[in-house]
>>> print(open('query-v5.csv').read())   # CSV, C-alpha atoms
chain,number,residue,atom,x,y,z
B,26,MET,CA,123.1,49.9,-6.2
B,27,LYS,CA,124.0,46.7,-4.5
B,28,ARG,CA,127.7,46.0,-3.9
B,29,ILE,CA,128.6,42.6,-5.3
B,30,CYS,CA,131.5,40.6,-4.0
B,31,LEU,CA,133.1,39.0,-7.0
B,32,ALA,CA,136.6,37.6,-7.6
B,33,ALA,CA,138.8,40.4,-8.8
B,34,GLY,CA,141.1,37.9,-10.5
B,35,CYS,CA,138.5,36.8,-12.9
B,36,CYS,CA,138.1,40.4,-14.2
B,37,ALA,CA,141.8,41.2,-14.4
B,38,ALA,CA,142.5,39.2,-17.6
B,39,ALA,CA,139.6,40.8,-19.4
B,40,ILE,CA,141.0,44.3,-19.0
B,41,ALA,CA,144.8,43.7,-18.9
B,42,GLY,CA,145.2,44.6,-22.5
B,43,ALA,CA,143.6,47.9,-22.0
B,44,ALA,CA,145.8,49.0,-19.1
B,45,GLY,CA,147.8,51.4,-21.3
B,46,ALA,CA,145.5,53.5,-23.4
B,47,ASN,CA,142.5,53.2,-21.2
B,48,ALA,CA,144.3,53.6,-17.8
B,49,GLN,CA,142.4,55.9,-15.5
B,50,THR,CA,143.9,57.7,-12.5
B,51,LEU,CA,141.6,58.5,-9.6
B,52,ASN,CA,142.4,61.2,-7.1
B,53,LEU,CA,141.7,59.8,-3.6
B,54,THR,CA,141.3,62.3,-0.7
B,55,SER,CA,141.5,61.5,3.0
B,56,ASN,CA,141.8,63.5,6.1
B,57,LEU,CA,143.8,60.7,7.8
B,58,SER,CA,147.5,60.9,8.1
B,59,PRO,CA,149.5,58.1,6.4
B,60,SER,CA,150.4,56.7,9.8
B,61,HIS,CA,146.8,56.2,10.8
B,62,ALA,CA,145.9,52.5,11.0
B,63,VAL,CA,143.0,52.9,8.6
B,64,ALA,CA,145.3,54.5,6.0
B,65,SER,CA,148.2,52.1,6.3
B,66,ALA,CA,146.1,48.9,6.7
B,67,GLY,CA,143.0,49.9,4.8
B,68,ILE,CA,143.2,52.6,2.2
B,69,GLU,CA,146.7,51.9,0.9
B,70,PRO,CA,146.2,48.1,0.5
B,71,PHE,CA,142.9,48.8,-1.2
B,72,MET,CA,144.6,51.0,-3.8
B,73,ASP,CA,147.3,48.3,-4.3
B,74,CYS,CA,144.6,45.6,-4.7
B,75,VAL,CA,142.8,47.6,-7.4
B,76,LYS,CA,146.0,48.5,-9.3
B,77,THR,CA,147.1,44.9,-9.3
B,78,ALA,CA,143.8,43.3,-10.1
B,79,SER,CA,143.2,45.8,-13.0
B,80,SER,CA,146.8,45.3,-14.3
B,81,GLY,CA,147.3,49.0,-14.0
B,82,ALA,CA,144.1,50.0,-15.8
B,83,ILE,CA,143.0,51.8,-12.6
B,84,ASP,CA,145.6,53.9,-10.7
B,85,PHE,CA,145.4,56.4,-7.9
B,86,LYS,CA,146.9,59.7,-6.8
B,87,TYR,CA,146.7,59.7,-3.1
B,88,PHE,CA,146.1,62.9,-1.1
B,89,PRO,CA,146.1,62.1,2.7
B,90,SER,CA,146.1,64.5,5.6
B,91,SER,CA,143.4,66.8,4.2
B,92,GLN,CA,145.6,67.9,1.2
B,93,ILE,CA,142.5,68.3,-0.9
B,94,ALA,CA,139.7,68.5,1.6
B,95,SER,CA,139.1,68.4,5.4
B,96,VAL,CA,137.0,65.7,6.9
B,97,SER,CA,133.9,67.8,6.7
B,98,GLU,CA,134.6,68.8,3.0
B,99,ALA,CA,135.3,65.3,1.6
B,100,LEU,CA,131.8,64.6,0.3
B,101,ASP,CA,131.6,68.0,-1.4
B,102,ALA,CA,135.1,67.4,-2.9
B,103,VAL,CA,133.9,64.1,-4.4
B,104,ASN,CA,130.6,65.5,-5.6
B,105,MET,CA,132.3,68.6,-7.2
B,106,GLY,CA,135.0,66.6,-8.9
B,107,LEU,CA,137.9,67.9,-6.8
B,108,ALA,CA,138.5,64.2,-6.0
B,109,ASP,CA,137.2,61.0,-7.4
B,110,VAL,CA,137.3,58.8,-4.3
B,111,GLY,CA,137.0,60.1,-0.8
B,112,PHE,CA,137.2,58.9,2.8
B,113,ILE,CA,133.6,60.0,3.8
B,114,ALA,CA,133.3,60.1,7.6
B,115,ILE,CA,129.7,59.5,8.5
B,116,THR,CA,130.3,60.8,12.0
B,117,ALA,CA,131.5,64.2,10.6
B,118,LEU,CA,128.5,64.7,8.3
B,119,PRO,CA,125.4,64.0,10.3
B,120,GLU,CA,123.4,66.5,8.3
B,121,LYS,CA,124.2,64.6,5.1
B,122,PHE,CA,123.8,61.1,6.6
B,123,PRO,CA,121.3,61.3,9.4
B,124,LEU,CA,120.0,57.7,8.8
B,125,ASN,CA,123.5,56.3,8.4
B,126,SER,CA,124.5,57.9,11.7
B,127,LEU,CA,122.5,55.0,13.2
B,128,SER,CA,125.6,52.9,12.6
B,129,VAL,CA,127.6,54.8,15.3
B,130,LEU,CA,125.0,54.5,18.0
B,131,PRO,CA,125.8,52.6,21.2
B,132,GLY,CA,124.8,48.9,21.1
B,133,MET,CA,125.4,48.2,17.5
B,134,GLY,CA,128.2,45.8,18.1
B,135,ASP,CA,131.2,45.2,20.4
B,136,THR,CA,134.0,44.4,17.9
B,137,VAL,CA,135.0,46.1,14.6
B,138,THR,CA,134.3,42.9,12.8
B,139,GLU,CA,130.8,42.8,14.1
B,140,LEU,CA,130.2,46.4,13.3
B,141,VAL,CA,131.5,46.2,9.7
B,142,THR,CA,129.7,42.9,8.9
B,143,SER,CA,126.3,44.3,9.9
B,144,TYR,CA,126.8,47.8,8.4
B,145,SER,CA,128.1,46.4,5.1
B,146,ALA,CA,125.1,44.1,4.9
B,147,VAL,CA,122.7,47.0,5.5
B,148,LEU,CA,124.3,49.0,2.7
B,149,ASP,CA,124.0,46.0,0.4
B,150,GLY,CA,120.3,46.1,0.8
B,151,ASP,CA,117.6,48.4,-0.5
B,152,GLY,CA,116.6,50.0,2.8
B,153,PRO,CA,116.7,53.6,3.9
B,154,LEU,CA,120.4,53.7,4.7
B,155,ALA,CA,121.4,52.4,1.3
B,156,GLN,CA,119.0,54.9,-0.4
B,157,GLU,CA,120.5,57.8,1.6
B,158,VAL,CA,124.0,56.9,0.4
B,159,ARG,CA,122.7,56.9,-3.2
B,160,ASP,CA,121.0,60.2,-2.7
B,161,ASN,CA,124.4,61.7,-1.9
B,162,ARG,CA,125.7,60.6,-5.3
B,163,ILE,CA,128.4,58.2,-4.1
B,164,VAL,CA,129.0,54.5,-4.4
B,165,PRO,CA,130.6,52.9,-1.3
B,166,LEU,CA,133.6,50.7,-2.0
B,167,MET,CA,134.7,49.9,1.5
B,168,THR,CA,132.8,50.1,4.8
B,169,ILE,CA,135.0,51.2,7.7
B,170,MET,CA,134.2,51.1,11.4
B,171,PHE,CA,136.4,51.9,14.4
B,172,PRO,CA,136.7,50.2,17.7
B,173,THR,CA,134.1,51.3,20.2
B,174,TYR,CA,134.5,54.4,22.2
B,175,GLN,CA,135.7,54.6,25.7
B,176,VAL,CA,136.1,57.5,28.1
B,177,MET,CA,139.7,58.9,28.3
B,178,MET,CA,140.5,61.3,31.1
B,179,THR,CA,143.5,63.6,31.9
B,180,GLY,CA,143.4,62.6,35.5
B,181,LYS,CA,143.7,59.4,37.4
B,182,PHE,CA,140.4,57.6,38.0
B,183,ASP,CA,138.8,58.3,41.4
B,184,PRO,CA,136.1,55.8,42.3
B,185,ALA,CA,134.6,58.3,44.8
B,186,ASN,CA,134.1,60.8,42.0
B,187,ALA,CA,133.4,58.5,39.0
B,188,SER,CA,130.6,60.6,37.5
B,189,LEU,CA,131.3,62.7,34.4
B,190,LYS,CA,128.9,65.3,35.6
B,191,GLY,CA,130.3,68.8,35.1
B,192,LYS,CA,133.4,67.5,33.3
B,193,LYS,CA,134.3,69.0,29.9
B,194,ILE,CA,134.7,66.2,27.3
B,195,ASN,CA,136.1,66.6,23.7
B,196,VAL,CA,133.8,65.1,21.1
B,197,LEU,CA,133.6,64.9,17.3
B,198,GLY,CA,130.1,66.2,17.3
B,199,GLY,CA,126.8,64.5,16.3
B,200,ILE,CA,125.8,61.6,18.5
B,201,GLN,CA,128.8,61.9,20.7
B,202,THR,CA,127.6,65.3,21.8
B,203,MET,CA,124.3,63.7,22.8
B,204,ILE,CA,126.0,60.9,24.7
B,205,VAL,CA,128.2,63.2,26.7
B,206,SER,CA,125.3,65.4,27.6
B,207,SER,CA,123.3,62.3,28.7
B,208,MET,CA,126.2,61.5,31.1
B,209,GLY,CA,126.0,65.0,32.6
B,210,GLY,CA,129.2,66.2,31.0
B,211,THR,CA,129.8,69.3,28.8
B,212,PRO,CA,130.6,68.3,25.3
B,213,ILE,CA,133.3,70.3,23.4
B,214,ASP,CA,133.0,69.8,19.7
B,215,MET,CA,136.2,70.1,17.7
B,216,PRO,CA,138.3,68.3,15.1
B,217,ALA,CA,140.3,65.3,16.4
B,218,GLY,CA,143.6,67.1,15.4
B,219,ASP,CA,142.9,69.7,18.2
B,220,PHE,CA,142.2,67.1,21.0
B,221,TYR,CA,145.9,66.9,22.1
B,222,MET,CA,146.3,70.7,22.7
B,223,SER,CA,142.9,70.9,24.4
B,224,LEU,CA,143.7,68.1,26.8
B,225,GLU,CA,147.3,69.3,27.4
B,226,ARG,CA,146.2,72.9,28.1
B,227,GLY,CA,143.4,71.8,30.5
B,228,VAL,CA,140.7,73.2,28.3
B,229,SER,CA,139.0,69.8,28.5
B,230,ASP,CA,139.0,67.0,31.1
B,231,GLY,CA,138.7,64.1,28.7
B,232,VAL,CA,137.7,62.8,25.4
B,233,ILE,CA,135.4,60.1,23.9
B,234,LEU,CA,137.5,58.2,21.4
B,235,SER,CA,138.8,54.7,20.3
B,236,TYR,CA,142.3,53.4,21.1
B,237,PRO,CA,143.6,53.5,17.5
B,238,SER,CA,142.5,57.1,17.0
B,239,ALA,CA,143.9,58.1,20.4
B,240,ASP,CA,147.2,56.5,19.5
B,241,SER,CA,147.4,58.2,16.1
B,242,TYR,CA,147.1,61.6,17.9
B,243,SER,CA,149.5,60.6,20.7
B,244,LEU,CA,146.9,61.1,23.3
B,245,ASP,CA,148.6,58.6,25.6
B,246,GLU,CA,150.9,61.5,26.4
B,247,VAL,CA,148.1,63.6,27.8
B,248,VAL,CA,145.5,61.1,29.2
B,249,LYS,CA,146.0,59.2,32.5
B,250,SER,CA,143.1,56.8,32.6
B,251,ILE,CA,140.8,55.0,30.2
B,252,SER,CA,137.5,53.2,30.9
B,253,ASN,CA,137.2,49.5,30.0
B,254,ASN,CA,133.6,48.6,30.7
B,255,VAL,CA,131.4,50.9,28.6
B,256,SER,CA,130.7,50.9,24.8
B,257,LEU,CA,129.7,54.3,23.7
B,258,GLY,CA,129.3,53.8,20.0
B,259,SER,CA,131.8,53.9,17.2
B,260,ALA,CA,132.8,56.0,14.2
B,261,ALA,CA,131.9,55.0,10.6
B,262,ALA,CA,133.3,55.9,7.2
B,263,LEU,CA,132.7,54.9,3.6
B,264,LEU,CA,135.6,54.9,1.1
B,265,SER,CA,133.4,56.0,-1.8
B,266,ILE,CA,133.7,56.9,-5.4
B,267,SER,CA,131.6,59.6,-7.1
B,268,LEU,CA,128.6,58.3,-9.0
B,269,GLU,CA,129.8,60.1,-12.1
B,270,ASP,CA,133.1,58.4,-12.1
B,271,TRP,CA,131.5,55.1,-11.2
B,272,GLU,CA,129.2,55.2,-14.2
B,273,GLN,CA,132.2,55.7,-16.5
B,274,PHE,CA,133.7,52.4,-15.6
B,275,SER,CA,133.0,49.2,-17.4
B,276,GLU,CA,131.3,46.4,-15.4
B,277,ASP,CA,134.5,44.5,-15.1
B,278,LYS,CA,136.3,47.5,-13.5
B,279,GLN,CA,133.4,48.1,-11.2
B,280,LYS,CA,133.6,44.5,-10.0
B,281,ILE,CA,137.3,44.9,-9.3
B,282,LEU,CA,136.7,48.1,-7.2
B,283,LEU,CA,133.9,46.4,-5.3
B,284,ASP,CA,135.7,43.2,-4.7
B,285,CYS,CA,138.9,44.9,-3.5
B,286,GLY,CA,136.8,47.0,-1.2
B,287,ARG,CA,134.9,44.1,0.3
B,288,GLN,CA,138.1,42.1,0.8
B,289,GLN,CA,139.9,44.9,2.4
B,290,GLU,CA,137.1,46.0,4.8
B,291,SER,CA,137.2,42.5,6.3
B,292,VAL,CA,141.0,42.5,6.6
B,293,LEU,CA,141.0,46.0,8.1
B,294,ALA,CA,138.3,45.1,10.6
B,295,ALA,CA,140.3,42.1,11.9
B,296,HIS,CA,143.4,44.3,12.0
B,297,LEU,CA,141.7,47.0,14.0
B,298,ASP,CA,140.3,44.4,16.5
B,299,GLU,CA,143.9,43.0,17.0
B,300,THR,CA,145.3,46.5,17.2
B,301,ASP,CA,142.8,47.6,19.8
B,302,GLY,CA,143.9,44.8,22.1
B,303,GLN,CA,147.6,45.6,21.5
B,304,LEU,CA,147.1,49.3,22.2
B,305,LYS,CA,145.3,48.6,25.5
B,306,GLN,CA,148.5,46.8,26.6
B,307,GLN,CA,150.7,49.5,25.2
B,308,PHE,CA,148.8,52.3,26.9
B,309,ALA,CA,148.9,50.4,30.2
B,310,ALA,CA,152.7,49.9,29.8
B,311,SER,CA,153.1,53.7,29.4
B,312,GLY,CA,151.3,54.4,32.7
B,313,VAL,CA,147.8,55.0,31.5
B,314,GLU,CA,145.4,53.4,33.9
B,315,SER,CA,142.6,51.1,32.7
B,316,PHE,CA,139.6,51.5,35.0
B,317,ALA,CA,136.1,50.2,35.3
B,318,PHE,CA,133.2,52.5,36.2
B,319,PRO,CA,131.4,51.3,39.4
B,320,ASP,CA,128.2,49.3,38.6
B,321,ASP,CA,125.9,52.1,39.5
B,322,VAL,CA,127.7,54.7,37.4
B,323,ARG,CA,128.0,52.3,34.5
B,324,ALA,CA,124.3,51.5,34.6
B,325,GLU,CA,123.6,55.2,34.6
B,326,ILE,CA,125.9,55.8,31.7
B,327,MET,CA,124.4,53.0,29.6
B,328,ALA,CA,120.9,54.0,30.5
B,329,GLY,CA,121.7,57.5,29.2
B,330,ALA,CA,123.2,56.0,26.1
B,331,GLN,CA,120.1,54.0,25.3
B,332,GLN,CA,118.0,57.1,25.8
B,333,VAL,CA,120.2,58.8,23.2
B,334,VAL,CA,119.3,56.0,20.8
B,335,ASN,CA,115.6,56.5,21.5
B,336,ASP,CA,115.9,60.3,21.3
B,337,TYR,CA,117.8,60.1,18.0
B,338,ILE,CA,115.2,57.9,16.4
B,339,GLU,CA,112.4,60.3,17.6
B,340,ARG,CA,114.3,63.2,16.1
B,341,LEU,CA,114.6,61.5,12.8
B,342,GLU,CA,110.9,60.7,12.8
B,343,PHE,CA,110.1,64.4,13.7
B,344,ARG,CA,112.1,65.4,10.6
B,345,GLY,CA,110.0,63.2,8.4
B,346,LEU,CA,112.7,60.6,8.0
B,347,PRO,CA,112.1,56.8,8.5
B,348,GLY,CA,114.2,56.6,11.6
B,349,LYS,CA,112.2,53.7,13.2
B,350,GLU,CA,112.1,51.7,10.0
B,351,ALA,CA,115.8,52.2,9.5
B,352,TYR,CA,116.8,51.3,13.0
B,353,GLU,CA,114.6,48.2,13.2
B,354,SER,CA,115.9,46.9,9.8
B,355,TYR,CA,119.4,47.5,11.0
B,356,ARG,CA,118.7,45.7,14.3
B,357,ALA,CA,117.3,42.8,12.3
B,358,VAL,CA,120.6,42.4,10.5
B,359,ILE,CA,122.6,42.6,13.8
B,360,ASP,CA,120.3,40.1,15.5
B,361,GLN,CA,120.5,37.5,12.7
>>> encode(input="query-v5.csv", output="structure tokens")
Amino acid sequence: MKRICLAAGCCAAAIAGAAGANAQTLNLTSNLSPSHAVASAGIEPFMDCVKTASSGAIDFKYFPSSQIASVSEALDAVNMGLADVGFIAITALPEKFPLNSLSVLPGMGDTVTELVTSYSAVLDGDGPLAQEVRDNRIVPLMTIMFPTYQVMMTGKFDPANASLKGKKINVLGGIQTMIVSSMGGTPIDMPAGDFYMSLERGVSDGVILSYPSADSYSLDEVVKSISNNVSLGSAAALLSISLEDWEQFSEDKQKILLDCGRQQESVLAAHLDETDGQLKQQFAASGVESFAFPDDVRAEIMAGAQQVVNDYIERLEFRGLPGKEAYESYRAVIDQ
């Protein structure tokens, strides 16, 4: 099903009179805390937009911080009816979204705006990624991407020992695991909420993460240096409604949901780009060093990252999935 960007205002009048008797309240689940930038600048404004544009005909009960389901359980919660709308983290569900995991590979964009624009366009099409989303019985309302990942370390950067070989690095699983392995490090897969304790206790030496996520988990208190010249992929999520709930809405209400999602994904992307820049300054002011990998080390890291891309596509093909077709069609959108 293609997402269509239509003016929400033109639909509001048509359903205003039905806001009372026909009002529908949707349970929205997210693993993010209310203070997370995506929650405060993305999810909450989206709900406000829908409620306003529908004149109250669509309302929400909001359950942040995994009150209904953890990040790995959100898709099941939506499919099983425990929630109607969910923050579906593609990064956390590679087994459900192997093709959509292409969106988080290195080299898919440098800014959040670039990443969101291309991924949203891909999902608007009829290609393999859009079909995979439909197969999971959800309809994406808002495409969410995060600033690209950097390397964050608990120690000060040492140019003489810049390699990550032998170092233990926290990751969120999936492609991040492959990237750290390609760099010679030892990936430690765990939920982001456990990163702080792992770093503080010396269980790990660093983490692959974006600035906004690091800030939301107060990692500036436990890391001492952050790279500034590698781009190690991103994280992707889809704020999605269950197909069953979607089909119960009138066309006018569907248009409002889609339009609010499309508007807010652009606003959020610009906000995250701005926030990323501000956080770099904030972390530096708190004593966290921004460092550049030496050219030879950076070249080694990025060569390994590209090999991860190639290996991932080959793995998809080995599983009988159209990995090459999906990647090439995605790249065609990016290169337009």
>>> residues_around(input="query-v5.csv", residues="Val248 (chain B)", least_positions_apart="5", cutoff="8 Å", atoms="all atoms listed in the file", output="PDB file with C-alpha atoms, keeping the file's coordinate frame")
ATOM      1  CA  MET B 177     139.700  58.900  28.300  1.00  0.00           C
ATOM      2  CA  MET B 178     140.500  61.300  31.100  1.00  0.00           C
ATOM      3  CA  THR B 179     143.500  63.600  31.900  1.00  0.00           C
ATOM      4  CA  GLY B 180     143.400  62.600  35.500  1.00  0.00           C
ATOM      5  CA  LEU B 224     143.700  68.100  26.800  1.00  0.00           C
ATOM      6  CA  GLY B 231     138.700  64.100  28.700  1.00  0.00           C
ATOM      7  CA  VAL B 313     147.800  55.000  31.500  1.00  0.00           C
TER       8      VAL B 313
END
>>> atom_distance(input="query-v5.csv", atom1="CA of Ile251 (chain B)", atom2="CA of Glu314 (chain B)")
6.1 Å
>>> residues_near_point(input="query-v5.csv", point="(133.8, 59.8, 24.6)", cutoff="10 Å", atoms="all atoms listed in the file", output="NGL selection string")
:B and (173-178 or 194-197 or 201-202 or 204-205 or 212 or 231-235 or 252 or 256-259)
>>> closest_residue(input="query-v5.csv", among="B:Gln303, B:Thr116, B:Asn52, B:Ser207", to="Ala260 (chain B)", atoms="only C-alpha atoms")
B:Thr116
>>> residues_near_point(input="query-v5.csv", point="(124.5, 51.9, 24.7)", cutoff="6 Å", atoms="all atoms listed in the file", output="PDB file with C-alpha atoms, in the coordinates of the input")
ATOM      1  CA  PRO B 131     125.800  52.600  21.200  1.00  0.00           C
ATOM      2  CA  GLY B 132     124.800  48.900  21.100  1.00  0.00           C
ATOM      3  CA  LEU B 257     129.700  54.300  23.700  1.00  0.00           C
ATOM      4  CA  MET B 327     124.400  53.000  29.600  1.00  0.00           C
ATOM      5  CA  ALA B 330     123.200  56.000  26.100  1.00  0.00           C
ATOM      6  CA  GLN B 331     120.100  54.000  25.300  1.00  0.00           C
TER       7      GLN B 331
END
>>> atom_distance(input="query-v5.csv", atom1="CA of Leu53 (chain B)", atom2="CA of Phe85 (chain B)")
6.6 Å
>>> closest_residue(input="query-v5.csv", among="B:Asp214, B:Glu225, B:Asp298, B:Glu157", to="Ala117 (chain B)", atoms="all atoms listed in the file")
B:Asp214
>>> closest_residue(input="query-v5.csv", among="B:Ser128, B:Ser97, B:Phe122, B:Met105", to="Arg356 (chain B)", atoms="only C-alpha atoms")
B:Ser128
>>> residues_around(input="query-v5.csv", residues="Ser311 (chain B)", least_positions_apart="5", cutoff="12 Å", atoms="only C-alpha atoms", output="PyMOL selection string")
chain B and resi 240+243-250+304-306
>>> atom_distance(input="query-v5.csv", atom1="CA of Ser126 (chain B)", atom2="CA of Ala102 (chain B)")
20.4 Å
>>> closest_residue(input="query-v5.csv", among="B:Tyr352, B:Phe274, B:Phe318, B:Tyr144", to="Ile83 (chain B)", atoms="all atoms listed in the file")
B:Phe274
>>> closest_atom_pairs(input="query-v5.csv", of="region 83-107 of chain B", to="region 55-62 of chain B", cutoff="6 Å", atoms="all atoms listed in the file", output="Markdown table")
| residue | atom | partner | partner_atom | distance |
| --- | --- | --- | --- | --- |
| B:Pro89 | CA | B:Ser55 | CA | 4.6 |
| B:Ser90 | CA | B:Asn56 | CA | 4.4 |
| B:Ser91 | CA | B:Asn56 | CA | 4.1 |
| B:Ser95 | CA | B:Asn56 | CA | 5.6 |
| B:Val96 | CA | B:Asn56 | CA | 5.3 |
>>> closest_residue(input="query-v5.csv", among="B:Tyr221, B:Tyr337, B:Tyr242, B:Phe316", to="Lys181 (chain B)", atoms="all atoms listed in the file")
B:Phe316
>>> closest_residue(input="query-v5.csv", among="B:Ser206, B:Gln273, B:Asn186, B:Thr168", to="Val137 (chain B)", atoms="only C-alpha atoms")
B:Thr168
>>> residues_around(input="query-v5.csv", residues="Glu350 (chain B)", least_positions_apart="5", cutoff="12 Å", atoms="only C-alpha atoms", output="PyMOL selection string")
chain B and resi 124+127+152-154+338-339+341-342+345+355-357
>>> residues_around(input="query-v5.csv", residues="Ile68 (chain B)", least_positions_apart="4", cutoff="9 Å", atoms="all atoms listed in the file", output="PyMOL selection string")
chain B and resi 63-64+72-73+112+167+264+289
